[in-house]
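This report concerns only the one structure given below.
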Amino acid sequence: MKFMNRIPNLRESLLRFESNKKTLIGLNFSNQLSKSCQSFKKVDDSQTPRYNPINIQMLSNGLHRQIFANKPVKTLNEKDLQEVISHLSQHNLWQAETSTLPDVDFKLPQLFNSDIIEHFNYIANEQLKVYKRLLLEFVNCDLPPVPQKWKFHPGWVQYEKSGKFKSVDYPEESALVFDVEVCMKEGNFPTMATAVSKDYWYLWCSERLTEDHFNWSQNVTLSDLIPLETAKSEIKFPKDKKWMPKIIVGHNVAFDRAFVKEQYYLERTKSQFLDTMSLHMCVSGLTGMQRAMSIASKKKSENDANGSFNPAIGWAFISSLNNLADVYKLYCHGEIKKDEREIFVSGSLSDIKEKFQESATYCAQDTWATFHILKKIMPMYLESNALLSLEREF
């Protein structure tokens, strides 16, 4: 990784960087800011501190000009101001005594564009734009059909739309939906995983599932984990490998990510992970109180043949709990069968082997559902976070 030195025109220089170099411009700005803060000075006492209409001290004039440029200060109309004053008065906060802090002044590093909002938006877009484009191209595709029959084979097997399949080292596509299943009785080892790209389905099986050994080690090694960017034989970080940007999507993807081999290299690859559960929480998530009420109402509905959701909690129909089945039902208006899940919770590897086809299809079902949640929720998330628009340039 290469740090960008401080130069007269940061923006023009950034645009000249080759696309395969990571610049860490946000960290560079923070380092410059830290140096500036170490040499800050108090503003002359003769200068009058800035206050807003409700007597809260604001940034000094010097800092305000640097951070917000020449944008006019917004003012409250008289009606809104009186409502604010009335609310503060109800809590004995209006005209409460406060101390005046000494204003400070220091020169900020040069911002990208005119103010701090556009500055950080520019940095975010520079870091994310490659992954956003990969993601949006992916969600606009139609998935290949789920394979009707799965090959019982260790490692990754790639399935074409025609039904042909072959063993591969790892999925090479730049955008994937990914799901991992673990046999809980066998310890903290991945048992099975499915992935899907715009062209192929993939199934990964652990050697612990496919091979017969009298005694397996209980220590997890890199060879036990799921490769997404390297061959199984590549235990050490391949320094001469050309890493490509990759976006990997999952529901509660932090769980799945913990079983990915490359995530334990000390050096970083160019893969990024996106969590549909987190997207849901941002768009239609529940507060702690709403979650408790939703669970209680759902239990009442299940236990009472004539039960129904309490109409007083109408938000229950425009939100849901965070699990995959409920989120899929909310956005896609369908049901996910979870009958086969129990075999991973209480069954053994032998049980999974006996019902291999059903277990693999169950894992693929979750991957399929996650993709369709992503198709529905991604436009909603971008709409509620307008600053992430791909068309916004600085």
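Residue numbers start at 1 in each chain; chains themselves are named A, B, ... in the order of the structure tokens; ligands are numbered from 1 in the order shown.
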Residue contacts of Gln290 in chain A (10 Å, only C-alpha atoms) excluding same-chain residues fewer than 4 positions away, as a VMD selection string: chain A and resid 285 to 286 294 to 296 313 315 to 316 319 to 321
Show which residues sit within 8 Å of range 193-207 of chain A, as number ranges by chain. Count only C-alpha atoms, and ignore same-chain residues fewer than 6 positions away. A: 138, 141-144, 146-147, 150, 152-161, 171, 173, 175-181, 224, 226, 360, 363-364, 367-368
Identify, on the basis of only C-alpha atoms, every residue whose closest approach to range 267-276 of chain A does not exceed 9 Å; exclude the query and any residue fewer than 6 positions from it along the same chain; express the result as a list of chain:residue names.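 In the requested form, the answer reads A:Tyr131, A:Ser174, A:Glu229, A:Phe237, A:Trp243, A:Met244, A:Pro245, A:Lys246, A:Ile247, A:Ile248, A:Val249, A:Gly250, A:His251, A:Asn252, A:Val253, A:Ala254, A:Arg257, A:Thr370, A:Phe371, A:Ile373, A:Leu374, A:Ile377, A:Met378.
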Dump of N, CA and C atoms for the selected residues, as an mmCIF file, in the first residue's frame:
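Saved the output as out-v2.cif:
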data_model
loop_
_atom_site.group_PDB
_atom_site.id
_atom_site.type_symbol
_atom_site.label_atom_id
_atom_site.label_comp_id
_atom_site.auth_asym_id
_atom_site.auth_seq_id
_atom_site.Cartn_x
_atom_site.Cartn_y
_atom_site.Cartn_z
ATOM 1 N N TYR A 131 -16.598 -1.287 -6.603
ATOM 2 C CA TYR A 131 -17.451 -2.321 -6.023
ATOM 3 C C TYR A 131 -18.928 -2.035 -6.281
ATOM 4 N N SER A 174 -16.239 -11.848 -10.327
ATOM 5 C CA SER A 174 -15.991 -10.675 -9.483
ATOM 6 C C SER A 174 -17.167 -10.321 -8.589
ATOM 7 N N GLU A 229 -10.276 -17.162 -3.386
ATOM 8 C CA GLU A 229 -9.385 -16.440 -4.298
ATOM 9 C C GLU A 229 -8.081 -17.175 -4.582
ATOM 10 N N PHE A 237 0.433 -16.585 1.562
ATOM 11 C CA PHE A 237 -0.072 -15.502 0.725
ATOM 12 C C PHE A 237 0.743 -15.431 -0.570
ATOM 13 N N TRP A 243 -4.310 -9.539 -7.729
ATOM 14 C CA TRP A 243 -5.610 -9.549 -7.060
ATOM 15 C C TRP A 243 -6.575 -8.621 -7.795
ATOM 16 N N MET A 244 -7.796 -9.078 -7.965
ATOM 17 C CA MET A 244 -8.822 -8.285 -8.632
ATOM 18 C C MET A 244 -9.919 -7.917 -7.638
ATOM 19 N N PRO A 245 -10.555 -6.750 -7.803
ATOM 20 C CA PRO A 245 -11.677 -6.384 -6.930
ATOM 21 C C PRO A 245 -12.789 -7.434 -7.008
ATOM 22 N N LYS A 246 -13.352 -7.747 -5.851
ATOM 23 C CA LYS A 246 -14.379 -8.784 -5.785
ATOM 24 C C LYS A 246 -15.390 -8.393 -4.721
ATOM 25 N N ILE A 247 -16.678 -8.541 -5.010
ATOM 26 C CA ILE A 247 -17.725 -8.239 -4.034
ATOM 27 C C ILE A 247 -18.453 -9.544 -3.706
ATOM 28 N N ILE A 248 -18.529 -9.857 -2.418
ATOM 29 C CA ILE A 248 -19.122 -11.112 -1.944
ATOM 30 C C ILE A 248 -20.291 -10.759 -1.034
ATOM 31 N N VAL A 249 -21.475 -11.234 -1.382
ATOM 32 C CA VAL A 249 -22.708 -10.871 -0.687
ATOM 33 C C VAL A 249 -23.200 -12.053 0.133
ATOM 34 N N GLY A 250 -23.684 -11.767 1.339
ATOM 35 C CA GLY A 250 -24.278 -12.807 2.169
ATOM 36 C C GLY A 250 -25.252 -12.192 3.152
ATOM 37 N N HIS A 251 -26.072 -13.039 3.772
ATOM 38 C CA HIS A 251 -26.990 -12.568 4.812
ATOM 39 C C HIS A 251 -26.367 -12.900 6.160
ATOM 40 N N ASN A 252 -26.098 -11.870 6.956
ATOM 41 C CA ASN A 252 -25.240 -12.007 8.137
ATOM 42 C C ASN A 252 -23.889 -12.551 7.686
ATOM 43 N N VAL A 253 -23.312 -11.851 6.726
ATOM 44 C CA VAL A 253 -22.135 -12.356 6.014
ATOM 45 C C VAL A 253 -20.903 -12.453 6.906
ATOM 46 N N ALA A 254 -20.915 -11.802 8.064
ATOM 47 C CA ALA A 254 -19.783 -11.934 8.984
ATOM 48 C C ALA A 254 -19.596 -13.390 9.411
ATOM 49 N N ARG A 257 -18.022 -15.142 6.365
ATOM 50 C CA ARG A 257 -16.665 -14.628 6.139
ATOM 51 C C ARG A 257 -15.651 -15.296 7.068
ATOM 52 N N THR A 370 -30.993 -14.960 -0.786
ATOM 53 C CA THR A 370 -30.178 -13.782 -0.489
ATOM 54 C C THR A 370 -30.021 -12.907 -1.723
ATOM 55 N N PHE A 371 -29.815 -13.520 -2.884
ATOM 56 C CA PHE A 371 -29.694 -12.743 -4.120
ATOM 57 C C PHE A 371 -30.975 -11.964 -4.406
ATOM 58 N N ILE A 373 -33.286 -11.022 -2.280
ATOM 59 C CA ILE A 373 -33.391 -9.928 -1.304
ATOM 60 C C ILE A 373 -32.539 -8.759 -1.760
ATOM 61 N N LEU A 374 -31.326 -9.056 -2.201
ATOM 62 C CA LEU A 374 -30.419 -8.004 -2.678
ATOM 63 C C LEU A 374 -31.035 -7.223 -3.834
ATOM 64 N N ILE A 377 -33.712 -4.926 -2.242
ATOM 65 C CA ILE A 377 -33.334 -3.958 -1.212
ATOM 66 C C ILE A 377 -32.285 -2.965 -1.688
ATOM 67 N N MET A 378 -31.490 -3.328 -2.685
ATOM 68 C CA MET A 378 -30.415 -2.439 -3.112
ATOM 69 C C MET A 378 -30.937 -1.099 -3.623
#
Minimum-distance residue to Met192 in chain A, chosen among A:Tyr381, A:Phe165, A:Tyr362, A:Tyr122 (using only C-alpha atoms): A:Tyr362
May I have the residues within 12 Å of range 72-83 of chain A as a PyMOL selection string, using only C-alpha atoms and disregarding those fewer than 3 positions away in the same chain? chain A and resi 50-55+58+61+64-65+68-69+86-90+94
Grab the residues selected above and save them as a CSV table (one decimal), in the first residue's frame with C-alpha atoms.
chain,number,residue,atom,x,y,z
A,50,ARG,CA,-20.4,32.5,17.3
A,51,TYR,CA,-23.8,31.5,18.8
A,52,ASN,CA,-26.9,30.1,17.1
A,53,PRO,CA,-30.4,31.5,17.9
A,54,ILE,CA,-30.8,29.2,21.0
A,55,ASN,CA,-27.5,30.3,22.5
A,58,MET,CA,-20.7,27.3,17.3
A,61,ASN,CA,-15.4,31.9,12.1
A,64,HIS,CA,-16.5,27.6,9.8
A,65,ARG,CA,-15.2,29.2,6.6
A,68,PHE,CA,-18.5,25.0,5.0
A,69,ALA,CA,-16.9,27.5,2.6
A,86,SER,CA,-41.0,26.0,24.2
A,87,HIS,CA,-39.6,22.5,24.1
A,88,LEU,CA,-36.4,23.5,25.9
A,89,SER,CA,-38.4,25.4,28.5
A,90,GLN,CA,-40.5,22.3,29.3
A,94,TRP,CA,-33.9,27.3,28.0
Members of range 152-289 of chain A assigned strand (DSSP E) by DSSP, as a PyMOL selection string: chain A and resi 155-159+165-168+175-181+192-196+201-205+246-250+271-275
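The two atoms in question, CA of Ala292 in chain A and CA of His333 in chain A, are spaced 22.5 Å apart.
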Based on DSSP run over this structure's backbone, return all residues of range 111-145 of chain A in helix (DSSP H, G or I), as a ChimeraX atom specification. /A:116-139
Would you save the residues from that selection as a compact mmCIF listing (two decimals), in the first residue's frame, using C-alpha atoms?
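This is the output file selection35.txt:
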# COMPACT_ATOMS: atom_id res chain seq x y z
CA ILE A 116 -16.46 18.93 4.22
CA ILE A 117 -19.59 17.07 3.11
CA GLU A 118 -18.43 16.92 -0.50
CA HIS A 119 -14.91 16.13 0.73
CA PHE A 120 -15.87 12.92 2.53
CA ASN A 121 -18.40 12.00 -0.13
CA TYR A 122 -15.62 12.22 -2.71
CA ILE A 123 -13.35 9.96 -0.63
CA ALA A 124 -16.16 7.41 -0.16
CA ASN A 125 -16.96 7.35 -3.86
CA GLU A 126 -13.30 6.90 -4.80
CA GLN A 127 -13.01 3.90 -2.48
CA LEU A 128 -16.35 2.29 -3.38
CA LYS A 129 -17.05 3.06 -7.02
CA VAL A 130 -15.46 -0.13 -8.42
CA TYR A 131 -17.45 -2.32 -6.02
CA LYS A 132 -20.69 -0.41 -6.60
CA ARG A 133 -20.43 -0.95 -10.33
CA LEU A 134 -19.74 -4.67 -9.87
CA LEU A 135 -22.69 -4.92 -7.51
CA LEU A 136 -25.18 -3.05 -9.67
CA GLU A 137 -24.22 -5.06 -12.74
CA PHE A 138 -24.77 -8.22 -10.68
CA VAL A 139 -28.20 -7.34 -9.29
Give me, please, the distance in Å between CA of His213 in chain A and CA of Glu186 in chain A, quoted to one decimal.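 So the two atoms, CA of His213 in chain A and CA of Glu186 in chain A, lie 13.3 Å apart.
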Between A:Ile56, A:Gln365, A:Val260, A:Phe317, which one has atoms that come closest to Asp339 in chain A, using only C-alpha atoms?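 Using only C-alpha atoms, Asp339 in chain A sits closest to A:Gln365.
In this structure, CA of Phe189 in chain A sits 23.7 Å away from CA of Ala369 in chain A.
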